[in-house]
$ cat upload03.pdb   # PDB, C-alpha atoms, pLDDT in the B column
ATOM      1  CA  MET A   1     102.568  16.068 -78.330  1.00 32.00           C
ATOM      2  CA  PRO A   2      99.862  18.545 -77.288  1.00 36.00           C
ATOM      3  CA  ASP A   3     100.373  22.169 -78.234  1.00 43.00           C
ATOM      4  CA  ALA A   4     100.349  25.069 -75.829  1.00 50.00           C
ATOM      5  CA  ALA A   5      97.114  26.693 -76.995  1.00 60.00           C
ATOM      6  CA  ASP A   6      95.759  26.456 -73.462  1.00 63.00           C
ATOM      7  CA  VAL A   7      98.173  29.134 -72.213  1.00 80.00           C
ATOM      8  CA  LEU A   8      98.569  31.249 -75.347  1.00 83.00           C
ATOM      9  CA  ARG A   9      97.403  34.815 -74.859  1.00 80.00           C
ATOM     10  CA  SER A  10      97.973  34.531 -71.093  1.00 87.00           C
ATOM     11  CA  ARG A  11      98.870  37.919 -69.654  1.00 90.00           C
ATOM     12  CA  LEU A  12     101.373  38.896 -66.981  1.00 92.00           C
ATOM     13  CA  THR A  13     103.878  41.651 -66.274  1.00 93.00           C
ATOM     14  CA  LEU A  14     107.519  41.385 -67.262  1.00 94.00           C
ATOM     15  CA  ALA A  15     108.496  41.406 -63.560  1.00 95.00           C
ATOM     16  CA  ARG A  16     106.059  38.598 -62.745  1.00 96.00           C
ATOM     17  CA  CYS A  17     107.304  36.507 -65.678  1.00 96.00           C
ATOM     18  CA  CYS A  18     110.907  36.949 -64.520  1.00 96.00           C
ATOM     19  CA  ARG A  19     109.931  36.170 -60.922  1.00 96.00           C
ATOM     20  CA  HIS A  20     108.298  32.879 -61.972  1.00 96.00           C
ATOM     21  CA  LEU A  21     111.496  32.000 -63.853  1.00 96.00           C
ATOM     22  CA  GLY A  22     113.530  32.758 -60.714  1.00 95.00           C
ATOM     23  CA  ILE A  23     115.140  35.917 -62.124  1.00 96.00           C
ATOM     24  CA  ASP A  24     115.597  38.809 -59.715  1.00 92.00           C
ATOM     25  CA  PRO A  25     115.845  41.659 -60.514  1.00 94.00           C
ATOM     26  CA  PRO A  26     113.778  41.396 -63.715  1.00 94.00           C
ATOM     27  CA  LEU A  27     115.526  41.863 -67.033  1.00 95.00           C
ATOM     28  CA  GLN A  28     115.546  45.326 -68.569  1.00 93.00           C
ATOM     29  CA  PRO A  29     115.406  46.064 -72.309  1.00 92.00           C
ATOM     30  CA  GLY A  30     118.756  45.187 -73.856  1.00 92.00           C
ATOM     31  CA  GLU A  31     119.615  42.545 -71.258  1.00 94.00           C
ATOM     32  CA  THR A  32     120.119  38.838 -71.878  1.00 96.00           C
ATOM     33  CA  LEU A  33     120.403  35.994 -69.403  1.00 97.00           C
ATOM     34  CA  SER A  34     122.005  32.820 -70.714  1.00 97.00           C
ATOM     35  CA  TRP A  35     122.580  29.358 -69.290  1.00 96.00           C
ATOM     36  CA  ILE A  36     125.167  27.157 -70.968  1.00 94.00           C
ATOM     37  CA  GLY A  37     126.746  24.106 -69.449  1.00 92.00           C
ATOM     38  CA  ARG A  38     127.330  20.384 -69.675  1.00 89.00           C
ATOM     39  CA  ASN A  39     127.637  17.743 -66.998  1.00 87.00           C
ATOM     40  CA  PRO A  40     130.780  15.829 -68.023  1.00 85.00           C
ATOM     41  CA  ALA A  41     129.675  12.704 -66.156  1.00 85.00           C
ATOM     42  CA  THR A  42     126.362  12.373 -68.010  1.00 82.00           C
ATOM     43  CA  GLY A  43     127.053  14.293 -71.222  1.00 80.00           C
ATOM     44  CA  VAL A  44     123.762  16.156 -70.698  1.00 88.00           C
ATOM     45  CA  GLY A  45     123.765  19.926 -70.766  1.00 91.00           C
ATOM     46  CA  ILE A  46     121.732  23.063 -71.184  1.00 93.00           C
ATOM     47  CA  ASN A  47     121.696  25.815 -73.778  1.00 94.00           C
ATOM     48  CA  ALA A  48     119.192  28.540 -72.935  1.00 96.00           C
ATOM     49  CA  ALA A  49     118.775  32.285 -73.235  1.00 97.00           C
ATOM     50  CA  LEU A  50     116.189  34.855 -72.199  1.00 97.00           C
ATOM     51  CA  TYR A  51     116.223  38.084 -74.209  1.00 96.00           C
ATOM     52  CA  CYS A  52     114.505  41.330 -73.241  1.00 95.00           C
ATOM     53  CA  PHE A  53     113.796  43.757 -76.085  1.00 91.00           C
ATOM     54  CA  ASP A  54     112.234  47.185 -76.461  1.00 84.00           C
ATOM     55  CA  PRO A  55     110.035  46.604 -79.543  1.00 78.00           C
ATOM     56  CA  ALA A  56     109.993  50.294 -80.476  1.00 73.00           C
ATOM     57  CA  ARG A  57     113.797  50.488 -80.462  1.00 80.00           C
ATOM     58  CA  ASP A  58     115.048  46.989 -81.268  1.00 80.00           C
ATOM     59  CA  ASP A  59     112.951  46.197 -84.351  1.00 82.00           C
ATOM     60  CA  GLU A  60     111.681  43.076 -82.590  1.00 84.00           C
ATOM     61  CA  PRO A  61     108.050  42.018 -82.374  1.00 84.00           C
ATOM     62  CA  TYR A  62     108.547  40.602 -78.861  1.00 90.00           C
ATOM     63  CA  VAL A  63     109.481  42.053 -75.487  1.00 92.00           C
ATOM     64  CA  LEU A  64     110.664  38.786 -73.960  1.00 95.00           C
ATOM     65  CA  SER A  65     111.892  35.638 -75.744  1.00 96.00           C
ATOM     66  CA  LEU A  66     113.052  32.422 -74.104  1.00 97.00           C
ATOM     67  CA  GLY A  67     114.720  29.497 -75.825  1.00 96.00           C
ATOM     68  CA  ALA A  68     115.720  26.652 -73.502  1.00 96.00           C
ATOM     69  CA  TYR A  69     117.107  23.366 -74.789  1.00 95.00           C
ATOM     70  CA  GLU A  70     118.530  20.248 -73.202  1.00 92.00           C
ATOM     71  CA  GLU A  71     121.536  18.936 -75.087  1.00 89.00           C
ATOM     72  CA  ALA A  72     122.927  15.427 -74.924  1.00 85.00           C
ATOM     73  CA  ARG A  73     126.057  14.007 -76.526  1.00 81.00           C
ATOM     74  CA  ILE A  74     125.360  11.186 -78.965  1.00 80.00           C
ATOM     75  CA  ALA A  75     127.975   8.493 -78.698  1.00 79.00           C
ATOM     76  CA  GLY A  76     128.433   5.658 -81.184  1.00 83.00           C
ATOM     77  CA  PRO A  77     128.948   2.013 -80.226  1.00 87.00           C
ATOM     78  CA  GLN A  78     132.715   2.509 -80.043  1.00 86.00           C
ATOM     79  CA  GLY A  79     132.447   5.842 -78.229  1.00 80.00           C
ATOM     80  CA  GLU A  80     132.490   7.890 -81.441  1.00 83.00           C
ATOM     81  CA  ASP A  81     131.155  11.416 -81.203  1.00 80.00           C
ATOM     82  CA  TYR A  82     128.003  11.520 -83.327  1.00 81.00           C
ATOM     83  CA  GLY A  83     127.190  15.080 -82.359  1.00 79.00           C
ATOM     84  CA  THR A  84     124.576  16.552 -80.069  1.00 78.00           C
ATOM     85  CA  ASP A  85     120.880  15.828 -79.684  1.00 83.00           C
ATOM     86  CA  ARG A  86     118.850  18.905 -78.783  1.00 85.00           C
ATOM     87  CA  ARG A  87     115.420  18.768 -77.147  1.00 91.00           C
ATOM     88  CA  VAL A  88     113.251  21.764 -76.452  1.00 93.00           C
ATOM     89  CA  ILE A  89     112.438  22.537 -72.832  1.00 93.00           C
ATOM     90  CA  ALA A  90     110.539  25.713 -73.701  1.00 94.00           C
ATOM     91  CA  SER A  91     110.490  28.232 -76.529  1.00 96.00           C
ATOM     92  CA  LEU A  92     108.370  31.257 -75.628  1.00 96.00           C
ATOM     93  CA  ASP A  93     107.709  34.695 -77.070  1.00 96.00           C
ATOM     94  CA  PHE A  94     105.885  37.449 -75.197  1.00 95.00           C
ATOM     95  CA  ALA A  95     104.583  40.580 -76.940  1.00 91.00           C
ATOM     96  CA  LEU A  96     103.640  43.869 -75.366  1.00 87.00           C
ATOM     97  CA  GLU A  97      99.936  43.841 -74.558  1.00 81.00           C
ATOM     98  CA  GLY A  98      98.038  46.225 -76.777  1.00 70.00           C
ATOM     99  CA  PRO A  99      95.683  46.305 -79.729  1.00 61.00           C
ATOM    100  CA  ASP A 100      96.579  43.763 -82.417  1.00 62.00           C
ATOM    101  CA  GLY A 101      98.270  45.451 -85.355  1.00 57.00           C
ATOM    102  CA  ALA A 102      99.208  48.558 -83.355  1.00 61.00           C
ATOM    103  CA  ALA A 103     102.646  50.086 -83.896  1.00 57.00           C
ATOM    104  CA  PRO A 104     105.212  48.977 -81.301  1.00 60.00           C
ATOM    105  CA  GLN A 105     105.261  51.230 -78.278  1.00 65.00           C
ATOM    106  CA  PRO A 106     108.385  51.974 -76.217  1.00 66.00           C
ATOM    107  CA  LEU A 107     108.663  50.348 -72.819  1.00 71.00           C
ATOM    108  CA  VAL A 108     108.127  53.207 -70.386  1.00 76.00           C
ATOM    109  CA  ASP A 109     108.013  51.128 -67.177  1.00 83.00           C
ATOM    110  CA  PRO A 110     109.599  47.778 -68.167  1.00 87.00           C
ATOM    111  CA  PRO A 111     108.964  45.746 -64.971  1.00 89.00           C
ATOM    112  CA  ASN A 112     105.268  46.662 -65.039  1.00 90.00           C
ATOM    113  CA  ALA A 113     104.828  46.239 -68.792  1.00 89.00           C
ATOM    114  CA  CYS A 114     101.894  43.937 -69.474  1.00 90.00           C
ATOM    115  CA  LEU A 115     102.903  41.083 -71.767  1.00 92.00           C
ATOM    116  CA  LYS A 116     100.934  38.357 -73.483  1.00 92.00           C
ATOM    117  CA  LEU A 117     102.255  34.975 -74.547  1.00 94.00           C
ATOM    118  CA  VAL A 118     101.972  34.823 -78.335  1.00 93.00           C
ATOM    119  CA  GLN A 119     104.111  31.784 -79.190  1.00 94.00           C
ATOM    120  CA  ALA A 120     104.903  28.712 -77.117  1.00 92.00           C
ATOM    121  CA  GLU A 121     106.510  25.356 -77.615  1.00 92.00           C
ATOM    122  CA  TRP A 122     106.879  23.103 -74.597  1.00 91.00           C
ATOM    123  CA  GLY A 123     109.145  20.105 -74.181  1.00 88.00           C
ATOM    124  CA  ALA A 124     107.695  16.701 -73.386  1.00 76.00           C
ATOM    125  CA  GLY A 125     107.849  17.269 -69.622  1.00 72.00           C
ATOM    126  CA  LEU A 126     105.706  20.407 -69.824  1.00 75.00           C
ATOM    127  CA  ALA A 127     103.550  19.837 -72.900  1.00 65.00           C
ATOM    128  CA  GLY A 128     101.529  17.081 -71.277  1.00 61.00           C
ATOM    129  CA  GLU A 129     100.572  19.264 -68.318  1.00 59.00           C
ATOM    130  CA  ASP A 130      97.451  20.678 -69.955  1.00 64.00           C
ATOM    131  CA  ASP A 131      95.976  21.803 -66.653  1.00 73.00           C
ATOM    132  CA  TRP A 132      99.052  23.800 -65.595  1.00 82.00           C
ATOM    133  CA  PRO A 133      98.644  27.579 -65.813  1.00 88.00           C
ATOM    134  CA  LEU A 134     101.418  29.635 -67.366  1.00 91.00           C
ATOM    135  CA  ASP A 135     102.931  30.682 -64.026  1.00 92.00           C
ATOM    136  CA  ALA A 136     103.352  27.016 -62.973  1.00 91.00           C
ATOM    137  CA  ARG A 137     105.004  26.155 -66.291  1.00 92.00           C
ATOM    138  CA  LEU A 138     107.348  29.146 -65.994  1.00 94.00           C
ATOM    139  CA  ALA A 139     108.249  28.139 -62.435  1.00 94.00           C
ATOM    140  CA  GLU A 140     109.097  24.623 -63.639  1.00 93.00           C
ATOM    141  CA  VAL A 141     111.302  25.994 -66.425  1.00 94.00           C
ATOM    142  CA  GLY A 142     112.975  28.256 -63.844  1.00 95.00           C
ATOM    143  CA  ARG A 143     113.572  25.254 -61.592  1.00 94.00           C
ATOM    144  CA  MET A 144     115.208  23.382 -64.497  1.00 92.00           C
ATOM    145  CA  LEU A 145     117.473  26.319 -65.305  1.00 95.00           C
ATOM    146  CA  ALA A 146     118.396  27.107 -61.691  1.00 94.00           C
ATOM    147  CA  GLY A 147     120.927  24.290 -61.480  1.00 90.00           C
ATOM    148  CA  TRP A 148     123.037  25.649 -64.334  1.00 93.00           C
ATOM    149  CA  PRO A 149     125.492  28.568 -64.415  1.00 93.00           C
ATOM    150  CA  ALA A 150     123.904  31.766 -65.699  1.00 95.00           C
ATOM    151  CA  THR A 151     125.391  34.890 -67.251  1.00 95.00           C
ATOM    152  CA  ARG A 152     123.568  38.213 -67.359  1.00 96.00           C
ATOM    153  CA  GLU A 153     124.691  40.624 -70.048  1.00 95.00           C
ATOM    154  CA  ARG A 154     123.723  44.090 -71.176  1.00 90.00           C
ATOM    155  CA  GLY A 155     123.658  44.576 -74.974  1.00 76.00           C
ATOM    156  CA  ASP A 156     125.008  47.576 -76.806  1.00 63.00           C
ATOM    157  CA  ASP A 157     122.777  50.626 -76.735  1.00 47.00           C
TER     158      ASP A 157
END

$ encode --input "upload03.pdb" --output "structure tokens"
Amino acid sequence: MPDAADVLRSRLTLARCCRHLGIDPPLQPGETLSWIGRNPATGVGINAALYCFDPARDDEPYVLSLGAYEEARIAGPQGEDYGTDRRVIASLDFALEGPDGAAPQPLVDPPNACLKLVQAEWGAGLAGEDDWPLDARLAEVGRMLAGWPATRERGDD
């Protein structure tokens, strides 16, 4: 499976990243958006979360982290429950744009904060699209998540 080096270090604002994922309004520091569900007819489901951090306050190296996984029930020959198979759709970490090695800065204007993609793992459906720019990949992930129930939560301050 190809890696995502072609889009690493891509830059975009937090608002633009959220917009490509279909999230409006954009997340603010301390907010989480999660998608969890299972289609009982197929046994296939989703387990995904998008976290927004303030690196200066939350002791996190990233401003935005996405983990999205497709889950499928594994049934044995007699219908036994053999657990759940989990496949990555996308696992992404965005850091605040700034000099490498600089101390984390607080997010003064979160929607306009400039982020860079510093870690990416793409599932099979997105990894092979080497010519896709980051915004197209984010839009595809957003399309995949849009069909599932989502919950937006504000963390403790």

$ resolve_selection --input "upload03.pdb" --expression "the PyMOL selection byres ((chain A and resi 35) around 10)" --output "list in words"
Leu33, Ser34, Ile36, Gly37, Gly45, Ile46, Asn47, Ala48, Ala49, Leu50, Ala68, Tyr69, Leu145, Ala146, Gly147, Trp148, Pro149, Ala150, Thr151 and Arg152 of chain A

$ atom_distance --input "upload03.pdb" --atom1 "atom CA of Ile89 of chain A" --atom2 "atom CA of Pro133 of chain A"
16.3 Å

$ residues_around --input "upload03.pdb" --residues "Arg9 of chain A" --least-positions-apart "3" --cutoff "6 Å" --atoms "only C-alpha atoms" --output "short mmCIF file (atom, residue, chain, number, x, y, z; two decimals) with C-alpha atoms, keeping the file's coordinate frame"
data_model
loop_
_atom_site.label_atom_id
_atom_site.label_comp_id
_atom_site.auth_asym_id
_atom_site.auth_seq_id
_atom_site.Cartn_x
_atom_site.Cartn_y
_atom_site.Cartn_z
CA LYS A 116 100.93 38.36 -73.48
CA LEU A 117 102.26 34.98 -74.55
CA VAL A 118 101.97 34.82 -78.33
#

$ closest_residue --input "upload03.pdb" --among "A:Leu14, A:Ala95, A:Ala56, A:Val7" --to "Ala113 of chain A" --atoms "only C-alpha atoms"
A:Leu14

$ atom_distance --input "upload03.pdb" --atom1 "atom CA of Arg19 of chain A" --atom2 "atom CA of Glu71 of chain A"
25.1 Å

$ closest_residue --input "upload03.pdb" --among "A:Gly83, A:Pro111, A:Gly123, A:Gly30" --to "Leu96 of chain A" --atoms "all atoms listed in the file"
A:Pro111

$ closest_residue --input "upload03.pdb" --among "A:Gly67, A:Pro25, A:Pro110, A:Gly125" --to "Glu140 of chain A" --atoms "only C-alpha atoms"
A:Gly125
